[in-house]
$ cat target37.csv   # CSV, N, CA, C and O atoms and all ligand atoms
chain,number,residue,atom,x,y,z
A,196,MET,N,-4.2,4.5,-11.5
A,196,MET,CA,-2.9,4.4,-10.8
A,196,MET,C,-3.3,4.1,-9.3
A,196,MET,O,-3.9,5.0,-8.6
A,197,PRO,N,-3.0,2.9,-8.8
A,197,PRO,CA,-3.3,2.6,-7.4
A,197,PRO,C,-2.4,3.3,-6.4
A,197,PRO,O,-1.4,3.9,-6.8
A,198,HIS,N,-2.8,3.2,-5.1
A,198,HIS,CA,-1.9,3.6,-4.1
A,198,HIS,C,-0.9,2.4,-3.7
A,198,HIS,O,-1.3,1.3,-4.0
A,199,VAL,N,0.2,2.8,-3.2
A,199,VAL,CA,1.3,1.8,-3.0
A,199,VAL,C,1.8,2.0,-1.5
A,199,VAL,O,2.1,3.1,-1.1
A,200,ILE,N,2.1,0.8,-0.9
A,200,ILE,CA,2.7,0.9,0.5
A,200,ILE,C,4.2,0.6,0.3
A,200,ILE,O,4.6,-0.3,-0.3
A,201,THR,N,5.0,1.5,1.0
A,201,THR,CA,6.4,1.5,0.8
A,201,THR,C,7.1,1.0,2.1
A,201,THR,O,6.5,0.6,3.1
A,202,SER,N,8.4,1.1,2.2
A,202,SER,CA,9.2,0.5,3.2
A,202,SER,C,8.9,0.8,4.7
A,202,SER,O,9.1,0.0,5.6
A,203,PRO,N,8.5,2.1,5.0
A,203,PRO,CA,8.3,2.4,6.4
A,203,PRO,C,7.2,1.4,7.1
A,203,PRO,O,7.2,1.3,8.3
A,204,CYS,N,6.4,0.8,6.3
A,204,CYS,CA,5.4,-0.2,6.9
A,204,CYS,C,6.1,-1.4,7.5
A,204,CYS,O,5.6,-2.0,8.4
A,205,ILE,N,7.2,-1.8,6.9
A,205,ILE,CA,7.9,-3.0,7.4
A,205,ILE,C,8.3,-2.8,8.9
A,205,ILE,O,8.9,-1.9,9.3
A,206,GLY,N,7.8,-3.8,9.6
A,206,GLY,CA,8.0,-3.8,11.1
A,206,GLY,C,7.0,-3.0,11.9
A,206,GLY,O,7.1,-3.0,13.1
A,207,VAL,N,6.2,-2.2,11.2
A,207,VAL,CA,5.2,-1.4,11.9
A,207,VAL,C,3.8,-2.2,11.8
A,207,VAL,O,3.3,-2.7,12.8
A,208,LYS,N,3.3,-2.2,10.6
A,208,LYS,CA,2.1,-3.1,10.4
A,208,LYS,C,1.0,-2.9,11.4
A,208,LYS,O,0.4,-3.8,11.9
A,209,ASP,N,0.7,-1.7,11.7
A,209,ASP,CA,-0.3,-1.4,12.8
A,209,ASP,C,-1.8,-1.5,12.3
A,209,ASP,O,-2.7,-1.5,13.0
A,210,GLN,N,-1.9,-1.7,10.9
A,210,GLN,CA,-3.2,-1.9,10.3
A,210,GLN,C,-4.2,-0.7,10.3
A,210,GLN,O,-5.3,-0.8,10.0
A,211,ALA,N,-3.7,0.5,10.7
A,211,ALA,CA,-4.5,1.6,10.7
A,211,ALA,C,-5.2,1.9,9.3
A,211,ALA,O,-6.3,2.3,9.1
A,212,CYS,N,-4.4,1.6,8.2
A,212,CYS,CA,-4.9,1.8,6.9
A,212,CYS,C,-6.0,0.9,6.5
A,212,CYS,O,-7.0,1.3,5.9
A,213,THR,N,-5.9,-0.4,7.0
A,213,THR,CA,-7.0,-1.3,6.7
A,213,THR,C,-8.3,-0.9,7.3
A,213,THR,O,-9.4,-1.3,6.8
A,214,GLU,N,-8.3,-0.2,8.4
A,214,GLU,CA,-9.5,0.2,9.1
A,214,GLU,C,-10.3,1.3,8.3
A,214,GLU,O,-11.5,1.5,8.5
A,215,VAL,N,-9.6,2.0,7.5
A,215,VAL,CA,-10.2,3.2,6.8
A,215,VAL,C,-10.5,2.9,5.3
A,215,VAL,O,-11.2,3.6,4.7
A,216,CYS,N,-9.9,1.8,4.8
A,216,CYS,CA,-10.1,1.5,3.4
A,216,CYS,C,-11.5,1.1,3.1
A,216,CYS,O,-12.0,0.1,3.6
A,217,PRO,N,-12.3,1.8,2.2
A,217,PRO,CA,-13.7,1.5,2.0
A,217,PRO,C,-13.9,0.2,1.2
A,217,PRO,O,-15.0,-0.3,1.2
A,218,VAL,N,-12.9,-0.2,0.5
A,218,VAL,CA,-13.1,-1.4,-0.3
A,218,VAL,C,-12.3,-2.6,0.2
A,218,VAL,O,-12.2,-3.7,-0.5
A,219,GLU,N,-11.6,-2.5,1.3
A,219,GLU,CA,-10.9,-3.6,2.0
A,219,GLU,C,-9.9,-4.2,1.0
A,219,GLU,O,-9.8,-5.4,0.9
A,220,CYS,N,-9.1,-3.4,0.4
A,220,CYS,CA,-8.1,-3.9,-0.6
A,220,CYS,C,-6.7,-3.9,-0.1
A,220,CYS,O,-5.7,-4.0,-0.8
A,221,ILE,N,-6.5,-3.8,1.3
A,221,ILE,CA,-5.2,-3.8,1.9
A,221,ILE,C,-5.0,-5.1,2.6
A,221,ILE,O,-5.8,-5.4,3.5
A,222,TYR,N,-3.9,-5.8,2.3
A,222,TYR,CA,-3.8,-7.2,2.8
A,222,TYR,C,-2.4,-7.3,3.5
A,222,TYR,O,-1.4,-6.8,3.1
A,223,ASP,N,-2.4,-8.2,4.5
A,223,ASP,CA,-1.2,-8.5,5.2
A,223,ASP,C,-0.3,-9.4,4.3
A,223,ASP,O,-0.8,-10.5,3.9
A,224,GLY,N,0.9,-8.9,4.0
A,224,GLY,CA,1.7,-9.7,3.1
A,224,GLY,C,2.9,-10.3,3.8
A,224,GLY,O,3.9,-10.7,3.2
A,225,GLY,N,2.9,-10.4,5.2
A,225,GLY,CA,4.0,-11.0,5.9
A,225,GLY,C,4.9,-9.9,6.4
A,225,GLY,O,4.8,-9.5,7.6
A,226,ASP,N,5.8,-9.4,5.6
A,226,ASP,CA,6.8,-8.4,6.1
A,226,ASP,C,6.1,-7.0,6.2
A,226,ASP,O,6.6,-6.2,6.9
A,227,GLN,N,5.1,-6.8,5.3
A,227,GLN,CA,4.4,-5.5,5.3
A,227,GLN,C,3.0,-5.7,4.8
A,227,GLN,O,2.7,-6.9,4.4
A,228,PHE,N,2.3,-4.7,4.7
A,228,PHE,CA,0.9,-4.8,4.1
A,228,PHE,C,1.1,-4.3,2.7
A,228,PHE,O,2.0,-3.5,2.3
A,229,TYR,N,0.1,-4.8,1.8
A,229,TYR,CA,0.1,-4.5,0.4
A,229,TYR,C,-1.3,-4.1,0.0
A,229,TYR,O,-2.3,-4.6,0.5
A,230,ILE,N,-1.3,-3.2,-1.0
A,230,ILE,CA,-2.6,-2.7,-1.6
A,230,ILE,C,-2.8,-3.4,-2.9
A,230,ILE,O,-1.9,-3.4,-3.8
A,231,HIS,N,-4.0,-4.1,-3.1
A,231,HIS,CA,-4.2,-4.7,-4.4
A,231,HIS,C,-4.4,-3.7,-5.5
A,231,HIS,O,-5.4,-2.9,-5.4
A,232,PRO,N,-3.6,-3.7,-6.5
A,232,PRO,CA,-3.6,-2.6,-7.5
A,232,PRO,C,-4.9,-2.5,-8.3
A,232,PRO,O,-5.3,-1.4,-8.7
A,233,ASP,N,-5.6,-3.7,-8.4
A,233,ASP,CA,-6.8,-3.7,-9.2
A,233,ASP,C,-8.1,-3.4,-8.4
A,233,ASP,O,-9.1,-3.1,-9.0
A,234,GLU,N,-7.9,-3.5,-7.1
A,234,GLU,CA,-9.1,-3.3,-6.2
A,234,GLU,C,-9.1,-1.8,-5.7
A,234,GLU,O,-10.2,-1.3,-5.3
A,235,CYS,N,-7.9,-1.2,-5.5
A,235,CYS,CA,-7.8,0.1,-5.0
A,235,CYS,C,-8.6,1.1,-5.9
A,235,CYS,O,-8.4,1.2,-7.1
A,236,ILE,N,-9.4,2.0,-5.2
A,236,ILE,CA,-10.2,3.0,-6.0
A,236,ILE,C,-9.6,4.4,-5.9
A,236,ILE,O,-10.2,5.3,-6.3
A,237,ASP,N,-8.4,4.4,-5.3
A,237,ASP,CA,-7.7,5.7,-5.3
A,237,ASP,C,-8.4,6.8,-4.5
A,237,ASP,O,-8.3,8.0,-4.9
A,238,CYS,N,-9.0,6.4,-3.4
A,238,CYS,CA,-9.8,7.4,-2.6
A,238,CYS,C,-8.8,8.2,-1.8
A,238,CYS,O,-9.2,9.3,-1.4
A,239,GLY,N,-7.7,7.7,-1.4
A,239,GLY,CA,-6.7,8.4,-0.6
A,239,GLY,C,-6.9,8.4,0.9
A,239,GLY,O,-6.2,9.0,1.6
A,240,ALA,N,-7.9,7.7,1.3
A,240,ALA,CA,-8.3,7.7,2.8
A,240,ALA,C,-7.2,7.0,3.6
A,240,ALA,O,-7.0,7.4,4.8
A,241,CYS,N,-6.4,6.1,3.1
A,241,CYS,CA,-5.4,5.4,3.8
A,241,CYS,C,-4.1,6.3,4.1
A,241,CYS,O,-3.4,6.1,5.0
A,242,VAL,N,-3.9,7.3,3.2
A,242,VAL,CA,-2.7,8.1,3.3
A,242,VAL,C,-2.5,8.8,4.6
A,242,VAL,O,-1.5,8.6,5.3
A,243,PRO,N,-3.5,9.6,5.1
A,243,PRO,CA,-3.3,10.3,6.4
A,243,PRO,C,-3.4,9.3,7.6
A,243,PRO,O,-3.0,9.7,8.7
A,244,ALA,N,-4.0,8.1,7.4
A,244,ALA,CA,-4.2,7.2,8.5
A,244,ALA,C,-2.9,6.5,8.9
A,244,ALA,O,-2.7,6.0,10.0
A,245,CYS,N,-1.9,6.4,7.9
A,245,CYS,CA,-0.7,5.7,8.2
A,245,CYS,C,0.3,6.6,9.1
A,245,CYS,O,0.7,7.7,8.7
A,246,PRO,N,0.6,6.0,10.3
A,246,PRO,CA,1.5,6.8,11.2
A,246,PRO,C,2.9,7.0,10.8
A,246,PRO,O,3.6,7.9,11.3
A,247,VAL,N,3.3,6.2,9.8
A,247,VAL,CA,4.7,6.4,9.3
A,247,VAL,C,4.8,6.9,7.9
A,247,VAL,O,5.8,6.8,7.2
A,248,SER,N,3.7,7.4,7.3
A,248,SER,CA,3.6,7.9,6.0
A,248,SER,C,4.2,7.0,4.9
A,248,SER,O,5.1,7.4,4.1
A,249,ALA,N,3.8,5.7,5.0
A,249,ALA,CA,4.3,4.7,4.0
A,249,ALA,C,3.5,4.6,2.7
A,249,ALA,O,3.9,4.0,1.8
A,250,ILE,N,2.3,5.3,2.7
A,250,ILE,CA,1.5,5.1,1.5
A,250,ILE,C,1.5,6.3,0.6
A,250,ILE,O,1.3,7.5,1.0
A,251,PHE,N,1.6,6.1,-0.7
A,251,PHE,CA,1.6,7.1,-1.7
A,251,PHE,C,0.8,6.7,-2.9
A,251,PHE,O,0.7,5.5,-3.3
A,252,PRO,N,0.2,7.7,-3.7
A,252,PRO,CA,-0.3,7.3,-5.0
A,252,PRO,C,0.9,6.9,-5.8
A,252,PRO,O,2.0,7.4,-5.7
A,253,GLU,N,0.7,5.9,-6.7
A,253,GLU,CA,1.8,5.3,-7.5
A,253,GLU,C,2.6,6.4,-8.1
A,253,GLU,O,3.9,6.3,-8.2
A,254,GLU,N,2.0,7.4,-8.7
A,254,GLU,CA,2.8,8.4,-9.4
A,254,GLU,C,3.6,9.3,-8.5
A,254,GLU,O,4.5,10.0,-9.0
A,255,ASP,N,3.4,9.3,-7.2
A,255,ASP,CA,4.1,10.1,-6.3
A,255,ASP,C,5.1,9.3,-5.4
A,255,ASP,O,5.6,9.9,-4.4
A,256,VAL,N,5.3,8.0,-5.7
A,256,VAL,CA,6.2,7.2,-4.8
A,256,VAL,C,7.6,7.8,-5.0
A,256,VAL,O,8.1,8.1,-6.1
A,257,PRO,N,8.2,8.1,-3.8
A,257,PRO,CA,9.6,8.7,-3.8
A,257,PRO,C,10.6,7.8,-4.6
A,257,PRO,O,10.4,6.6,-4.6
A,258,GLY,N,11.6,8.4,-5.2
A,258,GLY,CA,12.5,7.7,-6.0
A,258,GLY,C,13.1,6.4,-5.4
A,258,GLY,O,13.2,5.4,-6.1
A,259,ASP,N,13.5,6.5,-4.1
A,259,ASP,CA,14.2,5.4,-3.5
A,259,ASP,C,13.2,4.3,-3.1
A,259,ASP,O,13.6,3.2,-2.7
A,260,GLN,N,11.9,4.6,-3.3
A,260,GLN,CA,10.9,3.6,-3.0
A,260,GLN,C,10.2,3.0,-4.2
A,260,GLN,O,9.3,2.2,-4.1
A,261,VAL,N,10.6,3.4,-5.4
A,261,VAL,CA,10.0,2.9,-6.6
A,261,VAL,C,10.0,1.4,-6.8
A,261,VAL,O,9.0,0.8,-7.3
A,262,PRO,N,11.0,0.7,-6.3
A,262,PRO,CA,10.9,-0.8,-6.4
A,262,PRO,C,9.7,-1.4,-5.7
A,262,PRO,O,9.3,-2.5,-6.0
A,263,PHE,N,9.1,-0.6,-4.7
A,263,PHE,CA,8.0,-1.2,-4.0
A,263,PHE,C,6.7,-1.2,-4.9
A,263,PHE,O,5.8,-1.9,-4.6
A,264,ILE,N,6.7,-0.4,-6.0
A,264,ILE,CA,5.6,-0.5,-6.9
A,264,ILE,C,5.5,-1.9,-7.5
A,264,ILE,O,4.5,-2.6,-7.5
A,265,GLU,N,6.7,-2.4,-7.9
A,265,GLU,CA,6.7,-3.8,-8.5
A,265,GLU,C,6.5,-4.8,-7.4
A,265,GLU,O,5.9,-5.9,-7.6
A,266,LYS,N,7.2,-4.6,-6.3
A,266,LYS,CA,7.1,-5.6,-5.2
A,266,LYS,C,5.6,-5.7,-4.8
A,266,LYS,O,5.1,-6.9,-4.5
A,267,ASN,N,4.9,-4.6,-4.8
A,267,ASN,CA,3.4,-4.7,-4.4
A,267,ASN,C,2.7,-5.5,-5.5
A,267,ASN,O,1.9,-6.3,-5.1
A,268,ARG,N,2.9,-5.2,-6.7
A,268,ARG,CA,2.2,-5.9,-7.8
A,268,ARG,C,2.5,-7.4,-7.8
A,268,ARG,O,1.7,-8.3,-7.9
A,269,ALA,N,3.8,-7.7,-7.5
A,269,ALA,CA,4.3,-9.1,-7.5
A,269,ALA,C,3.6,-9.9,-6.4
A,269,ALA,O,3.4,-11.1,-6.6
A,270,HIS,N,3.3,-9.2,-5.3
A,270,HIS,CA,2.7,-9.9,-4.2
A,270,HIS,C,1.4,-10.6,-4.6
A,270,HIS,O,1.0,-11.6,-4.1
A,271,PHE,N,0.7,-9.9,-5.5
A,271,PHE,CA,-0.6,-10.4,-6.0
A,271,PHE,C,-0.5,-11.2,-7.3
A,271,PHE,O,-1.5,-11.5,-8.0
A,272,GLY,N,0.7,-11.4,-7.7
A,272,GLY,CA,0.9,-12.2,-9.0
A,272,GLY,C,0.6,-11.4,-10.2
A,272,GLY,O,0.3,-12.0,-11.3
A,273,LEU,N,0.7,-10.1,-10.1
A,273,LEU,CA,0.4,-9.2,-11.3
A,273,LEU,C,1.6,-8.7,-12.0
A,273,LEU,O,2.7,-8.8,-11.5
A,301,LIG,S1,-6.5,4.7,-1.7
A,301,LIG,FE1,-8.5,4.2,-0.8
A,301,LIG,S2,-9.1,2.3,-1.9
A,301,LIG,FE2,-6.9,2.6,-2.2
A,301,LIG,S3,-6.0,1.4,-0.6
A,301,LIG,FE3,-6.1,3.5,0.1
A,301,LIG,S4,-8.1,3.6,1.3
A,301,LIG,FE4,-8.1,1.7,0.0
A,302,LIG,S1,-1.1,2.2,8.4
A,302,LIG,FE1,1.0,2.4,7.4
A,302,LIG,S2,2.4,1.2,8.8
A,302,LIG,FE2,0.2,0.7,9.3
A,302,LIG,S3,-0.2,-1.2,8.1
A,302,LIG,FE3,-0.9,0.5,6.9
A,302,LIG,S4,0.8,1.1,5.6
A,302,LIG,FE4,1.6,-0.2,7.2
$ encode --input "target37.csv" --output "structure tokens"
Amino acid sequence: MPHVITSPCIGVKDQACTEVCPVECIYDGGDQFYIHPDECIDCGACVPACPVSAIFPEEDVPGDQVPFIEKNRAHFGL
């Protein structure tokens, strides 16, 4: 289960998460950043790095943010 970036990233995109990800699986997707679901190793390093708490393990994504799980996968054509 990969980590997922949710709506608070939109308009912020400060890239703090990309600087701490050990496998560089976080990509600029235009309106927000996205985590490649197949490349993420679930280390959790990006979670505390995000200033707006936009990143969650997939199983812990809040209810109103669940559509971002599919939006994230769709960005990579998955
Ligand atoms: S959980 Fe780890 S591997 Fe996955 S996106 Fe965050 S920093 Fe990168
Ligand atoms: S640290 Fe948070 S707000 Fe910044 S790019 Fe990453 S997910 Fe978006």
$ atom_distance --input "target37.csv" --atom1 "atom O of Val261 (chain A)" --atom2 "atom O of Glu214 (chain A)"
25.9 Å
$ residues_around --input "target37.csv" --residues "region 222-232 of chain A" --least-positions-apart "6" --cutoff "8 Å" --atoms "only C-alpha atoms" --output "mmCIF file with N, CA, C and O atoms, in the frame of the given file"
data_model
loop_
_atom_site.group_PDB
_atom_site.id
_atom_site.type_symbol
_atom_site.label_atom_id
_atom_site.label_comp_id
_atom_site.auth_asym_id
_atom_site.auth_seq_id
_atom_site.Cartn_x
_atom_site.Cartn_y
_atom_site.Cartn_z
ATOM 1 N N MET A 196 -4.200 4.500 -11.500
ATOM 2 C CA MET A 196 -2.900 4.400 -10.800
ATOM 3 C C MET A 196 -3.300 4.100 -9.300
ATOM 4 O O MET A 196 -3.900 5.000 -8.600
ATOM 5 N N PRO A 197 -3.000 2.900 -8.800
ATOM 6 C CA PRO A 197 -3.300 2.600 -7.400
ATOM 7 C C PRO A 197 -2.400 3.300 -6.400
ATOM 8 O O PRO A 197 -1.400 3.900 -6.800
ATOM 9 N N HIS A 198 -2.800 3.200 -5.100
ATOM 10 C CA HIS A 198 -1.900 3.600 -4.100
ATOM 11 C C HIS A 198 -0.900 2.400 -3.700
ATOM 12 O O HIS A 198 -1.300 1.300 -4.000
ATOM 13 N N VAL A 199 0.200 2.800 -3.200
ATOM 14 C CA VAL A 199 1.300 1.800 -3.000
ATOM 15 C C VAL A 199 1.800 2.000 -1.500
ATOM 16 O O VAL A 199 2.100 3.100 -1.100
ATOM 17 N N ILE A 200 2.100 0.800 -0.900
ATOM 18 C CA ILE A 200 2.700 0.900 0.500
ATOM 19 C C ILE A 200 4.200 0.600 0.300
ATOM 20 O O ILE A 200 4.600 -0.300 -0.300
ATOM 21 N N SER A 202 8.400 1.100 2.200
ATOM 22 C CA SER A 202 9.200 0.500 3.200
ATOM 23 C C SER A 202 8.900 0.800 4.700
ATOM 24 O O SER A 202 9.100 0.000 5.600
ATOM 25 N N CYS A 204 6.400 0.800 6.300
ATOM 26 C CA CYS A 204 5.400 -0.200 6.900
ATOM 27 C C CYS A 204 6.100 -1.400 7.500
ATOM 28 O O CYS A 204 5.600 -2.000 8.400
ATOM 29 N N ILE A 205 7.200 -1.800 6.900
ATOM 30 C CA ILE A 205 7.900 -3.000 7.400
ATOM 31 C C ILE A 205 8.300 -2.800 8.900
ATOM 32 O O ILE A 205 8.900 -1.900 9.300
ATOM 33 N N GLY A 206 7.800 -3.800 9.600
ATOM 34 C CA GLY A 206 8.000 -3.800 11.100
ATOM 35 C C GLY A 206 7.000 -3.000 11.900
ATOM 36 O O GLY A 206 7.100 -3.000 13.100
ATOM 37 N N VAL A 207 6.200 -2.200 11.200
ATOM 38 C CA VAL A 207 5.200 -1.400 11.900
ATOM 39 C C VAL A 207 3.800 -2.200 11.800
ATOM 40 O O VAL A 207 3.300 -2.700 12.800
ATOM 41 N N LYS A 208 3.300 -2.200 10.600
ATOM 42 C CA LYS A 208 2.100 -3.100 10.400
ATOM 43 C C LYS A 208 1.000 -2.900 11.400
ATOM 44 O O LYS A 208 0.400 -3.800 11.900
ATOM 45 N N GLN A 210 -1.900 -1.700 10.900
ATOM 46 C CA GLN A 210 -3.200 -1.900 10.300
ATOM 47 C C GLN A 210 -4.200 -0.700 10.300
ATOM 48 O O GLN A 210 -5.300 -0.800 10.000
ATOM 49 N N THR A 213 -5.900 -0.400 7.000
ATOM 50 C CA THR A 213 -7.000 -1.300 6.700
ATOM 51 C C THR A 213 -8.300 -0.900 7.300
ATOM 52 O O THR A 213 -9.400 -1.300 6.800
ATOM 53 N N ASN A 267 4.900 -4.600 -4.800
ATOM 54 C CA ASN A 267 3.400 -4.700 -4.400
ATOM 55 C C ASN A 267 2.700 -5.500 -5.500
ATOM 56 O O ASN A 267 1.900 -6.300 -5.100
ATOM 57 N N ARG A 268 2.900 -5.200 -6.700
ATOM 58 C CA ARG A 268 2.200 -5.900 -7.800
ATOM 59 C C ARG A 268 2.500 -7.400 -7.800
ATOM 60 O O ARG A 268 1.700 -8.300 -7.900
ATOM 61 N N HIS A 270 3.300 -9.200 -5.300
ATOM 62 C CA HIS A 270 2.700 -9.900 -4.200
ATOM 63 C C HIS A 270 1.400 -10.600 -4.600
ATOM 64 O O HIS A 270 1.000 -11.600 -4.100
ATOM 65 N N PHE A 271 0.700 -9.900 -5.500
ATOM 66 C CA PHE A 271 -0.600 -10.400 -6.000
ATOM 67 C C PHE A 271 -0.500 -11.200 -7.300
ATOM 68 O O PHE A 271 -1.500 -11.500 -8.000
#
$ residues_near_ligand --input "target37.csv" --ligand "ligand LIG 301 (chain A)" --cutoff "7 Å" --atoms "all atoms listed in the file" --output "ChimeraX atom specification"
/A:197-199,212,215-221,230-231,234-242
$ closest_residue --input "target37.csv" --among "A:Lys266, A:Gly258, A:Asp209, A:Pro252" --to "ligand LIG 302 (chain A)" --atoms "all atoms listed in the file"
A:Asp209
$ atom_distance --input "target37.csv" --atom1 "CA of Cys245 (chain A)" --atom2 "atom C of Thr201 (chain A)"
11.0 Å
$ atom_distance --input "target37.csv" --atom1 "atom N of Gln260 (chain A)" --atom2 "CA of Ala211 (chain A)"
21.8 Å
$ select_by_dssp --input "target37.csv" --residues "chain A" --states "strand (DSSP E)" --output "PyMOL selection string"
chain A and resi 198-200+221-223+228-230+250-252
$ decode --input "target37.csv" --residues "region 204-268 of chain A" --atoms "C-alpha atoms" --output "mmCIF file, in the first residue's frame"
data_model
loop_
_atom_site.group_PDB
_atom_site.id
_atom_site.type_symbol
_atom_site.label_atom_id
_atom_site.label_comp_id
_atom_site.auth_asym_id
_atom_site.auth_seq_id
_atom_site.Cartn_x
_atom_site.Cartn_y
_atom_site.Cartn_z
ATOM 1 C CA CYS A 204 -0.776 19.920 -1.666
ATOM 2 C CA ILE A 205 -2.709 21.766 -4.377
ATOM 3 C CA GLY A 206 -1.366 25.300 -4.613
ATOM 4 C CA VAL A 207 1.456 24.608 -2.140
ATOM 5 C CA LYS A 208 3.820 22.258 -3.975
ATOM 6 C CA ASP A 209 6.849 23.299 -1.961
ATOM 7 C CA GLN A 210 8.612 20.011 -2.800
ATOM 8 C CA ALA A 211 9.746 19.309 0.753
ATOM 9 C CA CYS A 212 8.618 15.708 0.296
ATOM 10 C CA THR A 213 10.700 15.198 -2.826
ATOM 11 C CA GLU A 214 13.843 16.162 -0.934
ATOM 12 C CA VAL A 215 13.451 13.393 1.652
ATOM 13 C CA CYS A 216 12.138 10.531 -0.494
ATOM 14 C CA PRO A 217 14.941 7.929 -0.742
ATOM 15 C CA VAL A 218 13.674 6.464 -4.017
ATOM 16 C CA GLU A 219 12.647 9.723 -5.752
ATOM 17 C CA CYS A 220 9.148 8.476 -6.505
ATOM 18 C CA ILE A 221 7.362 11.826 -5.989
ATOM 19 C CA TYR A 222 6.606 13.687 -9.222
ATOM 20 C CA ASP A 223 5.262 17.122 -10.190
ATOM 21 C CA GLY A 224 1.826 16.504 -11.674
ATOM 22 C CA GLY A 225 0.882 20.067 -12.512
ATOM 23 C CA ASP A 226 -1.778 20.963 -9.951
ATOM 24 C CA GLN A 227 -0.119 18.907 -7.210
ATOM 25 C CA PHE A 228 2.622 16.379 -6.633
ATOM 26 C CA TYR A 229 1.958 12.643 -6.930
ATOM 27 C CA ILE A 230 3.604 9.516 -5.523
ATOM 28 C CA HIS A 231 4.207 6.651 -7.960
ATOM 29 C CA PRO A 232 2.311 3.754 -6.351
ATOM 30 C CA ASP A 233 4.652 1.064 -7.648
ATOM 31 C CA GLU A 234 7.867 2.880 -6.763
ATOM 32 C CA CYS A 235 6.982 3.995 -3.210
ATOM 33 C CA ILE A 236 8.607 1.751 -0.597
ATOM 34 C CA ASP A 237 6.341 2.997 2.221
ATOM 35 C CA CYS A 238 9.177 4.337 4.323
ATOM 36 C CA GLY A 239 7.050 7.207 5.646
ATOM 37 C CA ALA A 240 9.825 9.816 5.442
ATOM 38 C CA CYS A 241 7.667 12.195 3.401
ATOM 39 C CA VAL A 242 4.819 12.371 5.925
ATOM 40 C CA PRO A 243 6.428 14.633 8.566
ATOM 41 C CA ALA A 244 8.226 16.632 5.863
ATOM 42 C CA CYS A 245 4.975 17.971 4.382
ATOM 43 C CA PRO A 246 4.088 21.371 5.910
ATOM 44 C CA VAL A 247 0.382 20.944 5.174
ATOM 45 C CA SER A 248 0.007 17.255 6.186
ATOM 46 C CA ALA A 249 -1.097 16.213 2.703
ATOM 47 C CA ILE A 250 0.525 12.755 2.704
ATOM 48 C CA PHE A 251 -0.997 9.586 4.149
ATOM 49 C CA PRO A 252 -0.455 5.848 3.859
ATOM 50 C CA GLU A 253 -3.171 4.663 1.461
ATOM 51 C CA GLU A 254 -5.032 2.813 4.207
ATOM 52 C CA ASP A 255 -5.165 5.960 6.369
ATOM 53 C CA VAL A 256 -6.374 8.472 3.763
ATOM 54 C CA PRO A 257 -9.247 10.476 5.343
ATOM 55 C CA GLY A 258 -12.726 9.752 3.981
ATOM 56 C CA ASP A 259 -13.137 13.028 2.108
ATOM 57 C CA GLN A 260 -9.760 12.497 0.444
ATOM 58 C CA VAL A 261 -10.315 8.931 -0.793
ATOM 59 C CA PRO A 262 -10.819 10.069 -4.442
ATOM 60 C CA PHE A 263 -7.173 11.149 -4.393
ATOM 61 C CA ILE A 264 -6.104 7.492 -4.220
ATOM 62 C CA GLU A 265 -7.533 6.928 -7.712
ATOM 63 C CA LYS A 266 -6.475 10.388 -8.932
ATOM 64 C CA ASN A 267 -2.921 9.529 -7.918
ATOM 65 C CA ARG A 268 -2.959 6.166 -9.709
#
